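**Student:** My structure is stored as protein24.cif, with mmCIF, C-alpha atoms.
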```cif
data_model
#
loop_
_atom_site.group_PDB
_atom_site.id
_atom_site.type_symbol
_atom_site.label_atom_id
_atom_site.label_comp_id
_atom_site.auth_asym_id
_atom_site.auth_seq_id
_atom_site.Cartn_x
_atom_site.Cartn_y
_atom_site.Cartn_z
ATOM 1 C CA MET P 5 4.872 25.092 22.043
ATOM 2 C CA MET P 6 5.593 28.399 20.364
ATOM 3 C CA LYS P 7 9.359 28.851 20.196
ATOM 4 C CA ARG P 8 9.510 32.400 18.933
ATOM 5 C CA ILE P 9 8.261 35.268 21.045
ATOM 6 C CA ILE P 10 6.782 37.057 18.069
ATOM 7 C CA LEU P 11 4.710 34.001 17.138
ATOM 8 C CA ALA P 12 3.555 33.559 20.715
ATOM 9 C CA ALA P 13 2.514 37.210 20.855
ATOM 10 C CA ALA P 14 0.621 36.883 17.604
ATOM 11 C CA ALA P 15 -1.174 33.769 18.852
ATOM 12 C CA ALA P 16 -2.109 35.521 22.104
ATOM 13 C CA LEU P 17 -3.471 38.471 20.141
ATOM 14 C CA THR P 18 -5.575 36.152 17.983
ATOM 15 C CA ILE P 19 -6.942 34.358 21.042
ATOM 16 C CA GLY P 20 -7.634 37.595 22.871
ATOM 17 C CA SER P 21 -9.448 39.153 19.906
ATOM 18 C CA ALA P 22 -11.707 36.130 19.470
ATOM 19 C CA ALA P 23 -12.490 36.008 23.177
ATOM 20 C CA THR P 24 -13.198 39.740 23.344
ATOM 21 C CA ALA P 25 -15.611 39.494 20.437
ATOM 22 C CA ALA P 26 -17.348 36.638 22.210
ATOM 23 C CA PHE P 27 -17.823 38.614 25.439
ATOM 24 C CA ALA P 28 -20.447 40.792 23.835
ATOM 25 C CA ASN P 29 -22.522 37.782 22.997
ATOM 26 C CA SER P 30 -21.092 35.345 25.587
ATOM 27 C CA ASN P 31 -23.259 32.472 26.714
ATOM 28 C CA THR P 32 -25.762 34.755 28.442
ATOM 29 C CA SER P 33 -28.283 35.082 25.629
ATOM 30 C CA SER P 34 -28.518 31.325 25.056
ATOM 31 C CA SER P 35 -28.136 30.245 28.682
ATOM 32 C CA ASP P 36 -31.105 32.367 29.799
ATOM 33 C CA SER P 37 -33.389 29.779 28.192
ATOM 34 C CA LEU P 38 -31.103 26.738 28.179
ATOM 35 C CA ALA P 39 -32.334 25.474 31.566
ATOM 36 C CA ASP P 40 -35.980 25.636 30.483
ATOM 37 C CA SER P 41 -35.202 24.066 27.125
ATOM 38 C CA PHE P 42 -33.200 21.251 28.708
ATOM 39 C CA GLN P 43 -36.248 20.218 30.743
ATOM 40 C CA GLN P 44 -38.081 19.507 27.487
ATOM 41 C CA LEU P 45 -35.614 16.739 26.619
ATOM 42 C CA SER P 46 -36.353 13.077 27.313
ATOM 43 C CA ARG P 47 -35.103 9.594 26.414
ATOM 44 C CA GLU P 48 -37.175 9.912 23.245
ATOM 45 C CA ASN P 49 -34.913 12.628 21.851
ATOM 46 C CA VAL P 50 -32.767 11.557 18.906
ATOM 47 C CA TRP P 51 -29.244 13.010 18.916
ATOM 48 C CA GLU P 52 -27.787 13.392 15.425
ATOM 49 C CA GLN P 53 -24.036 13.638 14.925
ATOM 50 C CA LYS P 54 -23.322 16.794 12.959
ATOM 51 C CA GLU P 55 -19.556 16.961 13.098
ATOM 52 C CA LYS P 56 -16.420 15.039 13.965
ATOM 53 C CA LEU P 57 -13.378 17.267 14.299
ATOM 54 C CA ASN P 58 -10.056 15.453 14.725
ATOM 55 C CA LEU P 59 -7.835 17.397 17.123
ATOM 56 C CA GLN P 60 -4.338 17.930 15.744
ATOM 57 C CA PHE P 61 -2.412 17.486 19.000
ATOM 58 C CA ASN P 62 -2.000 14.969 21.815
ATOM 59 C CA THR P 63 -4.899 15.654 24.175
ATOM 60 C CA PHE P 64 -3.731 13.191 26.889
ATOM 61 C CA HIS P 65 -6.737 12.617 29.226
ATOM 62 C CA PRO P 66 -9.311 15.398 28.608
ATOM 63 C CA GLN P 67 -11.379 16.598 31.579
ATOM 64 C CA GLY P 68 -13.483 19.726 30.990
ATOM 65 C CA MET P 69 -14.445 22.076 28.175
ATOM 66 C CA THR P 70 -15.995 25.447 27.504
ATOM 67 C CA LYS P 71 -16.501 27.383 24.277
ATOM 68 C CA ILE P 72 -16.059 31.118 23.731
ATOM 69 C CA GLY P 73 -16.848 32.354 20.255
ATOM 70 C CA ASP P 74 -15.006 30.115 17.793
ATOM 71 C CA LEU P 75 -12.418 28.906 20.305
ATOM 72 C CA TYR P 76 -12.546 25.869 22.568
ATOM 73 C CA TYR P 77 -10.859 25.651 25.967
ATOM 74 C CA MET P 78 -10.171 22.159 27.316
ATOM 75 C CA SER P 79 -8.529 21.014 30.534
ATOM 76 C CA SER P 80 -6.510 17.792 30.465
ATOM 77 C CA VAL P 81 -4.167 15.735 32.618
ATOM 78 C CA GLU P 82 -0.925 14.304 31.275
ATOM 79 C CA VAL P 83 0.020 11.399 33.545
ATOM 80 C CA THR P 84 3.767 10.671 33.641
ATOM 81 C CA GLU P 85 3.564 8.228 36.563
ATOM 82 C CA LYS P 86 0.280 6.491 37.316
ATOM 83 C CA PRO P 87 -1.054 6.519 40.891
ATOM 84 C CA VAL P 88 -0.910 3.048 42.450
ATOM 85 C CA LYS P 89 -3.717 1.735 44.675
ATOM 86 C CA TYR P 90 -2.683 0.781 48.216
ATOM 87 C CA GLY P 91 -3.847 -2.403 49.892
ATOM 88 C CA GLU P 92 -5.035 -0.272 52.820
ATOM 89 C CA LEU P 93 -5.238 3.434 53.588
ATOM 90 C CA LYS P 94 -1.953 5.253 54.127
ATOM 91 C CA ASP P 95 -2.173 8.657 55.814
ATOM 92 C CA GLY P 96 -5.831 8.776 54.753
ATOM 93 C CA TYR P 97 -5.136 8.062 51.067
ATOM 94 C CA ASP P 98 -6.144 5.005 49.051
ATOM 95 C CA ARG P 99 -3.406 5.402 46.423
ATOM 96 C CA SER P 100 -0.056 7.052 45.684
ATOM 97 C CA PRO P 101 -0.102 10.576 44.229
ATOM 98 C CA GLY P 102 1.548 9.709 40.923
ATOM 99 C CA LYS P 103 3.059 12.414 38.761
ATOM 100 C CA GLY P 104 1.835 14.498 35.888
ATOM 101 C CA ILE P 105 1.213 17.836 34.194
ATOM 102 C CA GLY P 106 -2.017 19.831 34.112
ATOM 103 C CA HIS P 107 -2.953 21.493 30.822
ATOM 104 C CA LEU P 108 -5.488 24.036 29.629
ATOM 105 C CA PHE P 109 -5.539 23.711 25.849
ATOM 106 C CA VAL P 110 -7.002 26.277 23.461
ATOM 107 C CA PHE P 111 -7.910 25.088 19.969
ATOM 108 C CA ASP P 112 -9.828 26.437 17.003
ATOM 109 C CA ASN P 113 -12.645 25.096 14.854
ATOM 110 C CA GLU P 114 -10.095 23.318 12.641
ATOM 111 C CA GLY P 115 -8.713 21.369 15.601
ATOM 112 C CA LYS P 116 -5.442 23.297 15.642
ATOM 113 C CA LEU P 117 -3.781 23.968 18.986
ATOM 114 C CA LYS P 118 -3.479 27.705 19.677
ATOM 115 C CA LYS P 119 -2.175 27.654 23.240
ATOM 116 C CA ASP P 120 -1.108 25.216 25.964
ATOM 117 C CA ILE P 121 -1.204 26.621 29.495
ATOM 118 C CA LYS P 122 0.393 24.559 32.252
ATOM 119 C CA LEU P 123 -1.496 24.558 35.559
ATOM 120 C CA GLY P 124 -0.842 22.934 38.913
ATOM 121 C CA GLU P 125 1.936 22.475 41.420
ATOM 122 C CA GLY P 126 3.737 19.457 42.836
ATOM 123 C CA GLN P 127 1.282 16.616 43.447
ATOM 124 C CA MET P 128 -1.635 18.777 42.270
ATOM 125 C CA TYR P 129 -1.606 18.192 38.504
ATOM 126 C CA HIS P 130 -5.128 16.914 37.706
ATOM 127 C CA PRO P 131 -7.442 19.608 36.243
ATOM 128 C CA GLY P 132 -11.185 19.011 36.509
ATOM 129 C CA GLY P 133 -14.289 20.339 34.794
ATOM 130 C CA ILE P 134 -14.122 24.004 33.810
ATOM 131 C CA ALA P 135 -16.584 26.833 33.242
ATOM 132 C CA PHE P 136 -16.626 30.374 31.815
ATOM 133 C CA ASP P 137 -18.480 33.077 33.770
ATOM 134 C CA GLY P 138 -18.402 35.792 31.101
ATOM 135 C CA LYS P 139 -15.048 37.155 32.275
ATOM 136 C CA SER P 140 -12.821 34.291 33.414
ATOM 137 C CA ILE P 141 -12.428 30.563 32.938
ATOM 138 C CA TRP P 142 -12.399 28.756 36.291
ATOM 139 C CA VAL P 143 -10.274 25.625 36.645
ATOM 140 C CA SER P 144 -9.657 23.347 39.624
ATOM 141 C CA VAL P 145 -6.384 21.397 39.740
ATOM 142 C CA ALA P 146 -6.207 18.599 42.315
ATOM 143 C CA GLU P 147 -4.185 15.591 43.303
ATOM 144 C CA TYR P 148 -5.137 12.501 41.281
ATOM 145 C CA ARG P 149 -6.773 10.816 44.278
ATOM 146 C CA PRO P 150 -9.829 11.397 46.472
ATOM 147 C CA ASN P 151 -9.804 13.301 49.777
ATOM 148 C CA SER P 152 -6.712 15.257 48.779
ATOM 149 C CA GLU P 153 -6.282 18.970 48.003
ATOM 150 C CA SER P 154 -6.797 21.410 45.155
ATOM 151 C CA ILE P 155 -5.795 24.761 43.732
ATOM 152 C CA ILE P 156 -8.546 26.926 42.209
ATOM 153 C CA TYR P 157 -7.451 29.106 39.292
ATOM 154 C CA LYS P 158 -9.119 31.667 37.105
ATOM 155 C CA VAL P 159 -7.775 32.257 33.606
ATOM 156 C CA ASP P 160 -8.256 35.390 31.517
ATOM 157 C CA PRO P 161 -9.225 34.186 28.017
ATOM 158 C CA GLU P 162 -7.903 37.430 26.491
ATOM 159 C CA THR P 163 -4.369 37.293 27.908
ATOM 160 C CA MET P 164 -4.433 33.567 28.800
ATOM 161 C CA LYS P 165 -2.807 34.435 32.125
ATOM 162 C CA SER P 166 -3.767 32.259 35.100
ATOM 163 C CA ASN P 167 -4.128 33.422 38.683
ATOM 164 C CA GLU P 168 -4.398 31.239 41.749
ATOM 165 C CA VAL P 169 -7.510 32.223 43.703
ATOM 166 C CA PHE P 170 -7.385 29.845 46.678
ATOM 167 C CA ARG P 171 -6.588 26.328 47.876
ATOM 168 C CA THR P 172 -8.855 23.841 49.589
ATOM 169 C CA ASP P 173 -8.557 20.484 51.357
ATOM 170 C CA ASP P 174 -10.414 18.132 49.018
ATOM 171 C CA HIS P 175 -10.221 16.897 45.457
ATOM 172 C CA ILE P 176 -12.359 19.396 43.514
ATOM 173 C CA GLY P 177 -13.405 17.697 40.291
ATOM 174 C CA GLY P 178 -15.311 20.581 38.732
ATOM 175 C CA ILE P 179 -16.177 24.196 39.527
ATOM 176 C CA VAL P 180 -18.579 26.923 38.330
ATOM 177 C CA HIS P 181 -18.436 30.612 39.301
ATOM 178 C CA ASP P 182 -21.485 32.891 39.501
ATOM 179 C CA ASP P 183 -20.114 36.300 38.521
ATOM 180 C CA LYS P 184 -23.167 38.086 39.966
ATOM 181 C CA SER P 185 -23.124 36.585 43.456
ATOM 182 C CA GLY P 186 -19.425 35.746 43.606
ATOM 183 C CA LYS P 187 -20.233 32.220 44.767
ATOM 184 C CA LEU P 188 -18.503 29.123 43.439
ATOM 185 C CA LYS P 189 -20.232 25.767 43.172
ATOM 186 C CA ALA P 190 -17.968 22.722 43.113
ATOM 187 C CA VAL P 191 -18.073 18.938 43.133
ATOM 188 C CA SER P 192 -15.674 16.521 44.814
ATOM 189 C CA TRP P 193 -14.105 13.308 43.466
ATOM 190 C CA GLY P 194 -17.007 11.396 41.910
ATOM 191 C CA SER P 195 -19.260 14.378 42.761
ATOM 192 C CA ARG P 196 -20.319 12.704 46.013
ATOM 193 C CA THR P 197 -19.983 16.029 47.863
ATOM 194 C CA PHE P 198 -21.139 19.484 46.795
ATOM 195 C CA TYR P 199 -19.345 22.638 47.914
ATOM 196 C CA GLU P 200 -20.187 26.310 47.855
ATOM 197 C CA PHE P 201 -17.222 28.661 48.312
ATOM 198 C CA ASN P 202 -16.917 32.411 48.448
ATOM 199 C CA GLU P 203 -14.217 34.031 46.330
ATOM 200 C CA THR P 204 -11.646 33.783 49.136
ATOM 201 C CA GLY P 205 -12.135 30.021 49.397
ATOM 202 C CA LYS P 206 -14.206 29.932 52.578
ATOM 203 C CA ILE P 207 -16.711 27.071 52.544
ATOM 204 C CA GLN P 208 -20.247 28.471 52.721
ATOM 205 C CA LYS P 209 -22.118 25.191 52.271
ATOM 206 C CA LYS P 210 -21.258 21.492 52.064
ATOM 207 C CA SER P 211 -23.766 18.762 51.261
ATOM 208 C CA LYS P 212 -24.032 15.212 49.993
ATOM 209 C CA ASN P 213 -25.136 14.443 46.450
ATOM 210 C CA SER P 214 -28.487 12.688 46.784
ATOM 211 C CA SER P 215 -28.360 11.359 43.206
ATOM 212 C CA HIS P 216 -26.406 8.224 42.329
ATOM 213 C CA PHE P 217 -27.306 8.179 38.641
ATOM 214 C CA ILE P 218 -23.967 9.483 37.323
ATOM 215 C CA ASP P 219 -20.794 11.088 38.695
ATOM 216 C CA TYR P 220 -20.597 14.689 37.508
ATOM 217 C CA GLN P 221 -17.402 15.821 35.802
ATOM 218 C CA ASP P 222 -18.125 18.986 33.814
ATOM 219 C CA CYS P 223 -20.752 21.590 34.799
ATOM 220 C CA GLU P 224 -21.892 24.844 33.186
ATOM 221 C CA ASP P 225 -24.200 27.697 34.175
ATOM 222 C CA ALA P 226 -27.525 27.149 32.380
ATOM 223 C CA GLY P 227 -29.161 30.406 33.497
ATOM 224 C CA ASN P 228 -32.025 30.986 35.944
ATOM 225 C CA ASP P 229 -29.927 29.727 38.893
ATOM 226 C CA LYS P 230 -29.460 26.333 37.259
ATOM 227 C CA LEU P 231 -26.469 24.166 36.348
ATOM 228 C CA ILE P 232 -26.200 21.441 33.734
ATOM 229 C CA CYS P 233 -23.703 18.745 34.728
ATOM 230 C CA SER P 234 -22.459 15.814 32.669
ATOM 231 C CA GLY P 235 -20.698 12.588 33.496
ATOM 232 C CA VAL P 236 -20.760 8.808 33.618
ATOM 233 C CA THR P 237 -20.944 5.917 36.015
ATOM 234 C CA GLU P 238 -19.262 2.569 35.402
ATOM 235 C CA LEU P 239 -21.486 -0.489 35.782
ATOM 236 C CA PRO P 240 -20.422 -4.160 35.766
ATOM 237 C CA GLN P 241 -21.439 -6.243 32.789
ATOM 238 C CA PRO P 242 -22.786 -9.793 33.005
ATOM 239 C CA ALA P 243 -20.131 -12.514 32.945
ATOM 240 C CA PRO P 244 -18.193 -13.402 30.907
ATOM 241 C CA SER P 245 -18.155 -9.894 29.370
ATOM 242 C CA PRO P 246 -14.954 -8.087 30.354
ATOM 243 C CA GLY P 247 -14.719 -4.488 31.437
ATOM 244 C CA LYS P 248 -17.488 -2.182 32.516
ATOM 245 C CA TYR P 249 -20.378 -0.414 30.856
ATOM 246 C CA GLU P 250 -20.240 3.393 30.891
ATOM 247 C CA LEU P 251 -23.675 4.852 31.564
ATOM 248 C CA GLY P 252 -23.635 8.460 30.394
ATOM 249 C CA GLY P 253 -25.988 11.265 31.214
ATOM 250 C CA LEU P 254 -26.808 14.899 31.845
ATOM 251 C CA ALA P 255 -28.438 16.502 34.875
ATOM 252 C CA LEU P 256 -30.062 19.857 35.591
ATOM 253 C CA LEU P 257 -29.423 21.084 39.134
ATOM 254 C CA ASP P 258 -30.794 23.994 41.148
ATOM 255 C CA SER P 259 -27.601 25.923 41.929
ATOM 256 C CA LYS P 260 -29.002 27.199 45.247
ATOM 257 C CA THR P 261 -29.934 23.808 46.699
ATOM 258 C CA MET P 262 -27.990 21.487 44.337
ATOM 259 C CA ASP P 263 -31.148 19.373 44.023
ATOM 260 C CA VAL P 264 -31.596 17.515 40.736
ATOM 261 C CA GLU P 265 -34.523 18.850 38.701
ATOM 262 C CA HIS P 266 -34.148 16.822 35.506
ATOM 263 C CA GLU P 267 -31.945 13.897 34.459
ATOM 264 C CA LEU P 268 -31.323 12.468 31.043
ATOM 265 C CA PRO P 269 -29.427 9.323 29.986
ATOM 266 C CA ILE P 270 -27.279 9.725 26.870
ATOM 267 C CA SER P 271 -26.735 6.487 24.936
ATOM 268 C CA LEU P 272 -24.108 7.667 22.469
ATOM 269 C CA PHE P 273 -20.604 6.216 22.223
ATOM 270 C CA SER P 274 -17.281 7.428 20.853
ATOM 271 C CA PRO P 275 -14.951 5.753 18.329
ATOM 272 C CA GLN P 276 -12.996 4.298 21.281
ATOM 273 C CA GLY P 277 -16.199 2.954 22.852
ATOM 274 C CA HIS P 278 -16.633 5.535 25.599
ATOM 275 C CA SER P 279 -19.870 7.243 26.571
ATOM 276 C CA VAL P 280 -19.793 10.669 24.930
ATOM 277 C CA THR P 281 -20.444 12.341 28.303
ATOM 278 C CA ARG P 282 -17.365 10.672 29.808
ATOM 279 C CA ASN P 283 -15.471 13.922 30.393
ATOM 280 C CA PRO P 284 -15.502 17.273 28.522
ATOM 281 C CA VAL P 285 -19.015 18.397 27.597
ATOM 282 C CA PHE P 286 -20.469 21.745 26.552
ATOM 283 C CA LEU P 287 -24.078 22.514 25.593
ATOM 284 C CA GLU P 288 -25.591 25.463 23.786
ATOM 285 C CA GLN P 289 -28.966 26.294 22.298
ATOM 286 C CA GLU P 290 -29.526 27.348 18.717
ATOM 287 C CA ASP P 291 -33.121 28.268 17.909
ATOM 288 C CA GLU P 292 -35.229 25.150 18.594
ATOM 289 C CA ARG P 293 -32.286 22.771 18.916
ATOM 290 C CA ILE P 294 -29.702 21.959 21.579
ATOM 291 C CA LYS P 295 -26.109 21.234 20.564
ATOM 292 C CA LEU P 296 -23.905 18.846 22.513
ATOM 293 C CA TYR P 297 -20.112 19.177 22.182
ATOM 294 C CA THR P 298 -18.045 16.310 23.614
ATOM 295 C CA ILE P 299 -14.454 15.005 23.682
ATOM 296 C CA PRO P 300 -14.701 11.554 25.298
ATOM 297 C CA ASP P 301 -11.533 9.861 24.014
ATOM 298 C CA ASP P 302 -7.922 10.166 25.169
ATOM 299 C CA ASP P 303 -4.690 11.050 23.341
ATOM 300 C CA GLN P 304 -5.814 11.147 19.685
ATOM 301 C CA SER P 305 -9.183 12.738 20.350
ATOM 302 C CA SER P 306 -12.032 14.073 18.260
ATOM 303 C CA LEU P 307 -14.540 16.784 19.067
ATOM 304 C CA LEU P 308 -17.939 15.187 18.474
ATOM 305 C CA VAL P 309 -20.893 17.516 17.913
ATOM 306 C CA TYR P 310 -24.506 16.347 18.166
ATOM 307 C CA ASP P 311 -27.823 18.128 18.198
ATOM 308 C CA THR P 312 -31.454 17.349 18.935
ATOM 309 C CA SER P 313 -34.722 19.224 18.498
ATOM 310 C CA LEU P 314 -36.729 20.457 21.461
ATOM 311 C CA ASN P 315 -39.915 18.586 22.314
ATOM 312 C CA LYS P 316 -42.980 20.727 21.811
#
```
Now, as a test, write the supplied structure out as structure tokens.

**Tutor:**
Amino acid sequence: MMKRIILAAAAALTIGSAATAAFANSNTSSSDSLADSFQQLSRENVWEQKEKLNLQFNTFHPQGMTKIGDLYYMSSVEVTEKPVKYGELKDGYDRSPGKGIGHLFVFDNEGKLKKDIKLGEGQMYHPGGIAFDGKSIWVSVAEYRPNSESIIYKVDPETMKSNEVFRTDDHIGGIVHDDKSGKLKAVSWGSRTFYEFNETGKIQKKSKNSSHFIDYQDCEDAGNDKLICSGVTELPQPAPSPGKYELGGLALLDSKTMDVEHELPISLFSPQGHSVTRNPVFLEQEDERIKLYTIPDDDQSSLLVYDTSLNK
């Protein structure tokens, strides 16, 4: 936390300048071909780790990430009281709400924290996957339990001011805004339900996710009316192995129908043993290669950067 106003103002100016410079070349140029390029990837692709950047702050439980210029924006939940599972449903809920704080962190390419924005209200403290539409960063903040409620925010990356856009009666785990159409695509807890909202929060479409490969957490616009979503699913391991196996993956979806067009397992693991697509993920294309940015671990986290060449 910046304690002096002059330092806070200087940090905001630095953030705003970097974001403004990025607007001119935002993700549009690369995302126009990212969807097509992603479809060239297969299980045969080899992902090479290019960087491991240790983040110099407590990240708590990271959720979503986007990148604008040389700055990274990451949502995270700080849990101060864990939700407790009920033996049976109470008022339609399977667990207590718990307590916590929602964060939107901004950090640089040295892993230094530039800004910490608090988001949420009352029992709604769990941010989900985030996305940048060229003007604003969209963040959903929900209760930490399914079938609950959420606040949808947009954040100006220049001023870092957040504005509540609307509220809705479900746990929204990730959201993407199409700046051209004004539509918002969103996923529920575990991405079992897809939503399409208008900018006032009215539900335009609601459908079931027909894929059970992974649960989507973080989605980004990939151009050409496509989304790339990342996530994991937890699978039991044979006895007597304890714990569960995290199957990670990426999926390309048609943003109009939300049908899956291409899926890709990712068999990479973090220093703490998590699938690298566990939570925050961002992809970008550089020439004939695709870069994968991930932050799969909690608390003392590292930004892991991988890349792979396109199949020709």

**Student:** Contacts of P:Trp142 at 6 Å or less, counting all atoms listed in the file, minus same-chain residues fewer than 2 places along, as a PDB file with C-alpha atoms, in the coordinates of the input?

**Tutor:**
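The new file part06.pdb reads:
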```
ATOM      1  CA  ILE P 134     -14.122  24.004  33.810  1.00  0.00           C
ATOM      2  CA  ALA P 135     -16.584  26.833  33.242  1.00  0.00           C
ATOM      3  CA  TYR P 157      -7.451  29.106  39.292  1.00  0.00           C
ATOM      4  CA  LYS P 158      -9.119  31.667  37.105  1.00  0.00           C
TER       5      LYS P 158
END
```

**Student:** From the list P:Ile232, P:Ser152, P:Val169, P:Gly138, which residue is nearest P:Leu296 when using only C-alpha atoms?

**Tutor:** P:Ile232

**Student:** Selection in question (the file shown): the PyMOL selection byres ((chain P and resi 183-188) around 6). Which residues does it include, as a PyMOL selection string?

**Tutor:** chain P and resi 137+180-182+189+200-202

**Student:** What's the 10 Å shell around stretch 298-311 of chain P, counting all atoms listed in the file, without same-chain residues fewer than 2 positions away, as a VMD selection string?

**Tutor:** chain P and resid 49 to 69 76 78 80 82 113 115 272 to 290 293 to 296 313 to 314

**Student:** Rounded to one decimal in Å, what is the spacing between atom CA of P:Leu239 and atom CA of P:Ser214?

**Tutor:** 18.5 Å

**Student:** Quick one: pull the distance between atom CA of P:Gly177 and atom CA of P:Ser79, Å, one decimal.

**Tutor:**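 Straight-line distance from atom CA of P:Gly177 to atom CA of P:Ser79 works out to 11.4 Å.
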
**Student:** When the PyMOL selection byres ((chain P and resi 102-111) around 9) is applied to the file above, which residues end up in the set, as a PyMOL selection string?

**Tutor:** chain P and resi 19+59+63+74-88+99-101+112-131+143+145+147-148

**Student:** Take the residues from that selection and write them out as a PDB file, keeping the file's coordinate frame, keeping C-alpha atoms.

**Tutor:**
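The resulting file, selection-v6.pdb, is reproduced below:
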```
ATOM      1  CA  ILE P  19      -6.942  34.358  21.042  1.00  0.00           C
ATOM      2  CA  LEU P  59      -7.835  17.397  17.123  1.00  0.00           C
ATOM      3  CA  THR P  63      -4.899  15.654  24.175  1.00  0.00           C
ATOM      4  CA  ASP P  74     -15.006  30.115  17.793  1.00  0.00           C
ATOM      5  CA  LEU P  75     -12.418  28.906  20.305  1.00  0.00           C
ATOM      6  CA  TYR P  76     -12.546  25.869  22.568  1.00  0.00           C
ATOM      7  CA  TYR P  77     -10.859  25.651  25.967  1.00  0.00           C
ATOM      8  CA  MET P  78     -10.171  22.159  27.316  1.00  0.00           C
ATOM      9  CA  SER P  79      -8.529  21.014  30.534  1.00  0.00           C
ATOM     10  CA  SER P  80      -6.510  17.792  30.465  1.00  0.00           C
ATOM     11  CA  VAL P  81      -4.167  15.735  32.618  1.00  0.00           C
ATOM     12  CA  GLU P  82      -0.925  14.304  31.275  1.00  0.00           C
ATOM     13  CA  VAL P  83       0.020  11.399  33.545  1.00  0.00           C
ATOM     14  CA  THR P  84       3.767  10.671  33.641  1.00  0.00           C
ATOM     15  CA  GLU P  85       3.564   8.228  36.563  1.00  0.00           C
ATOM     16  CA  LYS P  86       0.280   6.491  37.316  1.00  0.00           C
ATOM     17  CA  PRO P  87      -1.054   6.519  40.891  1.00  0.00           C
ATOM     18  CA  VAL P  88      -0.910   3.048  42.450  1.00  0.00           C
ATOM     19  CA  ARG P  99      -3.406   5.402  46.423  1.00  0.00           C
ATOM     20  CA  SER P 100      -0.056   7.052  45.684  1.00  0.00           C
ATOM     21  CA  PRO P 101      -0.102  10.576  44.229  1.00  0.00           C
ATOM     22  CA  ASP P 112      -9.828  26.437  17.003  1.00  0.00           C
ATOM     23  CA  ASN P 113     -12.645  25.096  14.854  1.00  0.00           C
ATOM     24  CA  GLU P 114     -10.095  23.318  12.641  1.00  0.00           C
ATOM     25  CA  GLY P 115      -8.713  21.369  15.601  1.00  0.00           C
ATOM     26  CA  LYS P 116      -5.442  23.297  15.642  1.00  0.00           C
ATOM     27  CA  LEU P 117      -3.781  23.968  18.986  1.00  0.00           C
ATOM     28  CA  LYS P 118      -3.479  27.705  19.677  1.00  0.00           C
ATOM     29  CA  LYS P 119      -2.175  27.654  23.240  1.00  0.00           C
ATOM     30  CA  ASP P 120      -1.108  25.216  25.964  1.00  0.00           C
ATOM     31  CA  ILE P 121      -1.204  26.621  29.495  1.00  0.00           C
ATOM     32  CA  LYS P 122       0.393  24.559  32.252  1.00  0.00           C
ATOM     33  CA  LEU P 123      -1.496  24.558  35.559  1.00  0.00           C
ATOM     34  CA  GLY P 124      -0.842  22.934  38.913  1.00  0.00           C
ATOM     35  CA  GLU P 125       1.936  22.475  41.420  1.00  0.00           C
ATOM     36  CA  GLY P 126       3.737  19.457  42.836  1.00  0.00           C
ATOM     37  CA  GLN P 127       1.282  16.616  43.447  1.00  0.00           C
ATOM     38  CA  MET P 128      -1.635  18.777  42.270  1.00  0.00           C
ATOM     39  CA  TYR P 129      -1.606  18.192  38.504  1.00  0.00           C
ATOM     40  CA  HIS P 130      -5.128  16.914  37.706  1.00  0.00           C
ATOM     41  CA  PRO P 131      -7.442  19.608  36.243  1.00  0.00           C
ATOM     42  CA  VAL P 143     -10.274  25.625  36.645  1.00  0.00           C
ATOM     43  CA  VAL P 145      -6.384  21.397  39.740  1.00  0.00           C
ATOM     44  CA  GLU P 147      -4.185  15.591  43.303  1.00  0.00           C
ATOM     45  CA  TYR P 148      -5.137  12.501  41.281  1.00  0.00           C
TER      46      TYR P 148
END
```

**Student:** Taking all atoms listed in the file into account, name the residue in P:Gly91, P:Ser144, P:Pro242, P:Ser215 that is nearest to P:Glu267.

**Tutor:**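 Ranking P:Gly91, P:Ser144, P:Pro242, P:Ser215 by distance to P:Glu267, first place goes to P:Ser215.
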
**Student:** Which distance in Å separates atom CA of P:Val191 and atom CA of P:Leu38, to one decimal?

**Tutor:**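 Atom-to-atom, atom CA of P:Val191 and atom CA of P:Leu38 are spaced 21.3 Å apart.
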
**Student:** Extract, using all atoms listed in the file, all DNA, RNA and protein residues at most 8 Å from P:Gly235, discarding same-chain residues fewer than 4 positions from it, and format them as a PyMOL selection string.

**Tutor:** chain P and resi 218-222+252-254+281-283

**Student:** Using the chain letters and numbers from this file, what does the PyMOL selection byres ((chain P and resi 209) around 9) select? Give the answer as a PyMOL selection string.

**Tutor:** chain P and resi 198-201+207-208+210-211

**Student:** Just checking: using all atoms listed in the file, which residue out of P:Ser37, P:Leu257, P:Ile270, P:Met262 ends up closest to P:Thr237?

**Tutor:**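 Of the candidates, the smallest distance to P:Thr237 is held by P:Ile270.
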
**Student:** Ranking P:Lys71, P:His216, P:Arg149, P:Lys89 by minimum distance to P:Leu251 and counting only C-alpha atoms, which one comes first?

**Tutor:**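 Using only C-alpha atoms, P:Leu251 sits closest to P:His216.
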
**Student:** If the box runs along x, y and z of the file and leaves 5 Å on each side of stretch 177-184 of chain P, what are its centre and edge lengths in Å, one decimal, as JSON?

**Tutor:**
```
{"center_x": -18.3, "center_y": 27.9, "center_z": 39.3, "size_x": 19.8, "size_y": 30.4, "size_z": 12.0}
```

**Student:** Using all atoms listed in the file, which of P:Gly205, P:Ala190, P:Pro244, P:Ile141 sits nearest P:Thr172?

**Tutor:** P:Gly205

**Student:** Between P:Glu238, P:Asp40, P:Glu153, P:Asp160, single out the one closest to P:Ile176, counting all atoms listed in the file.

**Tutor:** P:Glu153
